[in-house]
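Worksheet: the structure to be examined is printed underneath.
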Amino acid sequence: MPADFRTQVEGLRPYLLRYATLQLRSPEAAEDAVQEALVAALAGESNFAGRSNLRTWLTGILKHKIVDTIRRQSRERPLAADSDGDTAEFDALFDETGHWAEPPDAWEQPEGALMQKQFLAALEQCLRGLPERTAQAFMMREHLGLETAEICKELAVTPTHLWVMLYRARMALRQCLEMNWFSK
Amino acid sequence: MMLSCKETSRLLSQGEDRRLGFGERVALRVHLAICNGCRNASVQFRFLRIAVKGLSQDGDEEKSA
């Protein structure tokens, strides 16, 4: 195996670690997934053959390892049935006629590199505030970009339950960002 | 059928995850035409999707191969 391929792959480790940590939260689980992905990548170098961007290729391998980890986790700790489809928690956000208690404002896009960096930090903070499974489902959808059918299968939840989880995540994130970023 | 903001926000979210039915799309459009708050929420849900994708990119788009 050419040394420079290994060096290039190793050079992408910090990026991959960040990618996995965003999804798995636990640094140990992220480290394991990245390690497995790198081993698989180095063993399968011939499959790469310069077909695509190395980072894109490695990220694809890592995605599979991340999904494997999530599948294992959700078998070990199945979702509690009590969170199934319950939307009463949203009642406080609306008045008795179903109108917004506080209508969402128009957001000003963060501009410039520094602003964007700070904004992403605020977003990450808000993500950490979500319940673990809610964050996981949301990140599978929006970060890994998986289809809902696949997420339902891996998390062993119904589509209705998943939609509630994703709704919960989006509503909580928009509220958190409005409070901690856009209204400042 | 008139949707409330509560129902609208829920449909807007589902619209990011499944193809809404014809009736749902019509009801949404009618509500969004008259409701600023829900229009903003709709833009925000889209914005969240793009922003979350950006979390692992950090502006380094250079080819690594």
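Each chain in the structure tokens gets a letter, A, B, ..., in the order shown, and its residues are numbered from 1; ligands are numbered from 1 in order too.
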Next item on the list: Could you list the residues in chain A lying within 7 Å of chain B, using only C-alpha atoms, and format the result as an MDAnalysis selection string?
Entry: chainID A and resid 18:19 53:55 94 98:100 103:106 120 142:143 148 163 167 170 174
Considering only C-alpha atoms, return as a short mmCIF file (atom, residue, chain, number, x, y, z; two decimals) with N, CA and C atoms, in the first residue's frame whatever protein or nucleic-acid residues lie within 12 Å of B:Gly23, sequence-local ones (same chain, fewer than 4 positions apart) excluded.
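Result file follows (result.cif):
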```cif
data_model
loop_
_atom_site.label_atom_id
_atom_site.label_comp_id
_atom_site.auth_asym_id
_atom_site.auth_seq_id
_atom_site.Cartn_x
_atom_site.Cartn_y
_atom_site.Cartn_z
N MET B 1 -61.06 23.56 4.24
CA MET B 1 -60.60 23.34 5.62
C MET B 1 -59.53 24.38 5.97
N MET B 2 -59.70 25.08 7.07
CA MET B 2 -58.67 26.02 7.50
C MET B 2 -57.76 25.38 8.54
N LEU B 3 -56.49 25.44 8.28
CA LEU B 3 -55.53 24.90 9.23
C LEU B 3 -55.22 25.94 10.30
N LEU B 11 -47.44 20.14 9.60
CA LEU B 11 -47.42 19.73 8.19
C LEU B 11 -46.16 20.23 7.48
N ARG B 19 -43.81 13.16 1.04
CA ARG B 19 -44.56 13.92 0.04
C ARG B 19 -45.97 14.13 0.58
N ALA B 27 -54.19 23.10 1.44
CA ALA B 27 -54.50 23.71 2.74
C ALA B 27 -53.31 24.51 3.27
N LEU B 28 -52.12 23.97 3.06
CA LEU B 28 -50.91 24.67 3.49
C LEU B 28 -50.78 26.00 2.76
N ARG B 29 -50.96 25.95 1.44
CA ARG B 29 -50.78 27.16 0.64
C ARG B 29 -51.76 28.25 1.07
N VAL B 30 -52.98 27.83 1.33
CA VAL B 30 -54.00 28.80 1.76
C VAL B 30 -53.59 29.45 3.08
#
```
Checklist line | stretch 59-69 of chain A environment, 8 Å, only C-alpha atoms, sequence neighbours closer than 5 positions dropped, as a list in words | finding: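 Surrounding residues, per the criterion: Leu16, Ala20, Gln23, Leu24, Ala29, Ala30, Ala33, Val34, Glu36, Ala37, Ala40, Ala41, Leu144 and Glu154 of chain A.
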Hey, what does DSSP flag as alpha helix (DSSP H) within chain B? Can you give it to me as a short mmCIF file (atom, residue, chain, number, x, y, z; two decimals) with N, CA and C atoms, in the first residue's frame?
```cif
data_model
loop_
_atom_site.label_atom_id
_atom_site.label_comp_id
_atom_site.auth_asym_id
_atom_site.auth_seq_id
_atom_site.Cartn_x
_atom_site.Cartn_y
_atom_site.Cartn_z
N CYS B 5 -52.24 27.35 13.04
CA CYS B 5 -50.78 27.44 12.96
C CYS B 5 -50.14 26.17 13.51
N LYS B 6 -50.78 25.61 14.51
CA LYS B 6 -50.24 24.39 15.10
C LYS B 6 -50.22 23.26 14.07
N GLU B 7 -51.36 23.09 13.39
CA GLU B 7 -51.43 22.05 12.36
C GLU B 7 -50.50 22.37 11.19
N THR B 8 -50.41 23.65 10.87
CA THR B 8 -49.57 24.06 9.74
C THR B 8 -48.10 23.77 10.01
N SER B 9 -47.65 24.12 11.22
CA SER B 9 -46.23 23.90 11.53
C SER B 9 -45.89 22.42 11.47
N ARG B 10 -46.86 21.60 11.89
CA ARG B 10 -46.65 20.17 11.89
C ARG B 10 -46.57 19.63 10.45
N LEU B 11 -47.44 20.14 9.60
CA LEU B 11 -47.42 19.73 8.19
C LEU B 11 -46.16 20.23 7.48
N LEU B 12 -45.74 21.43 7.84
CA LEU B 12 -44.52 21.99 7.24
C LEU B 12 -43.34 21.08 7.55
N SER B 13 -43.28 20.63 8.79
CA SER B 13 -42.20 19.74 9.18
C SER B 13 -42.29 18.43 8.41
N GLN B 14 -43.50 17.86 8.35
CA GLN B 14 -43.67 16.59 7.63
C GLN B 14 -43.36 16.75 6.15
N GLY B 15 -43.61 17.95 5.62
CA GLY B 15 -43.31 18.21 4.22
C GLY B 15 -41.82 18.09 3.91
N PHE B 22 -52.33 16.00 -1.97
CA PHE B 22 -52.80 17.18 -2.68
C PHE B 22 -53.58 18.12 -1.75
N GLY B 23 -54.51 17.55 -0.98
CA GLY B 23 -55.32 18.35 -0.06
C GLY B 23 -54.47 19.06 0.97
N GLU B 24 -53.45 18.37 1.45
CA GLU B 24 -52.55 18.97 2.45
C GLU B 24 -51.79 20.15 1.84
N ARG B 25 -51.34 19.97 0.60
CA ARG B 25 -50.57 21.04 -0.03
C ARG B 25 -51.45 22.27 -0.27
N VAL B 26 -52.67 22.03 -0.68
CA VAL B 26 -53.59 23.15 -0.91
C VAL B 26 -53.88 23.88 0.40
N ALA B 27 -54.19 23.10 1.44
CA ALA B 27 -54.50 23.71 2.74
C ALA B 27 -53.31 24.51 3.27
N LEU B 28 -52.12 23.97 3.06
CA LEU B 28 -50.91 24.67 3.49
C LEU B 28 -50.78 26.00 2.76
N ARG B 29 -50.96 25.95 1.44
CA ARG B 29 -50.78 27.16 0.64
C ARG B 29 -51.76 28.25 1.07
N VAL B 30 -52.98 27.83 1.33
CA VAL B 30 -54.00 28.80 1.76
C VAL B 30 -53.59 29.45 3.08
N HIS B 31 -53.12 28.62 4.00
CA HIS B 31 -52.73 29.16 5.30
C HIS B 31 -51.50 30.07 5.18
N LEU B 32 -50.52 29.62 4.43
CA LEU B 32 -49.27 30.39 4.31
C LEU B 32 -49.51 31.75 3.66
N ALA B 33 -50.53 31.81 2.80
CA ALA B 33 -50.82 33.07 2.11
C ALA B 33 -51.22 34.17 3.09
N ILE B 34 -51.77 33.76 4.24
CA ILE B 34 -52.28 34.77 5.16
C ILE B 34 -51.50 34.81 6.48
N ASN B 36 -47.88 35.21 8.36
CA ASN B 36 -46.45 35.52 8.41
C ASN B 36 -45.64 34.56 9.24
N GLY B 37 -46.17 34.26 10.43
CA GLY B 37 -45.44 33.41 11.38
C GLY B 37 -45.14 32.05 10.77
N CYS B 38 -46.13 31.46 10.11
CA CYS B 38 -45.92 30.14 9.52
C CYS B 38 -45.01 30.20 8.30
N ARG B 39 -45.10 31.32 7.55
CA ARG B 39 -44.15 31.47 6.43
C ARG B 39 -42.73 31.52 6.97
N ASN B 40 -42.54 32.26 8.06
CA ASN B 40 -41.20 32.32 8.66
C ASN B 40 -40.75 30.95 9.15
N ALA B 41 -41.68 30.22 9.79
CA ALA B 41 -41.34 28.88 10.28
C ALA B 41 -40.92 27.98 9.12
N SER B 42 -41.62 28.10 8.01
CA SER B 42 -41.30 27.29 6.84
C SER B 42 -39.88 27.56 6.34
N VAL B 43 -39.53 28.84 6.27
CA VAL B 43 -38.17 29.22 5.85
C VAL B 43 -37.15 28.70 6.87
N GLN B 44 -37.52 28.78 8.14
CA GLN B 44 -36.59 28.36 9.19
C GLN B 44 -36.30 26.86 9.14
N PHE B 45 -37.33 26.05 8.86
CA PHE B 45 -37.11 24.61 8.78
C PHE B 45 -36.13 24.28 7.65
N ARG B 46 -36.30 24.98 6.51
CA ARG B 46 -35.38 24.79 5.38
C ARG B 46 -33.97 25.22 5.77
N PHE B 47 -33.93 26.36 6.44
CA PHE B 47 -32.64 26.93 6.84
C PHE B 47 -31.90 25.97 7.78
N LEU B 48 -32.66 25.34 8.69
CA LEU B 48 -32.05 24.39 9.62
C LEU B 48 -31.38 23.25 8.86
N ARG B 49 -32.06 22.78 7.82
CA ARG B 49 -31.51 21.66 7.05
C ARG B 49 -30.16 22.04 6.45
N ILE B 50 -30.10 23.21 5.85
CA ILE B 50 -28.86 23.65 5.21
C ILE B 50 -27.78 23.89 6.26
N ALA B 51 -28.18 24.51 7.37
CA ALA B 51 -27.20 24.84 8.42
C ALA B 51 -26.60 23.58 9.02
N VAL B 52 -27.44 22.57 9.25
CA VAL B 52 -26.94 21.33 9.86
C VAL B 52 -25.94 20.63 8.93
N LYS B 53 -26.22 20.69 7.63
CA LYS B 53 -25.26 20.11 6.67
C LYS B 53 -23.92 20.83 6.78
N GLY B 54 -23.97 22.13 7.09
CA GLY B 54 -22.75 22.91 7.17
C GLY B 54 -21.91 22.63 8.40
#
```
Item checked: Residue contacts of A:Asn180 (10 Å, only C-alpha atoms) excluding same-chain residues fewer than 2 positions away, as a ChimeraX atom specification -> /A:119,122-123,125-126,174-178,182-184
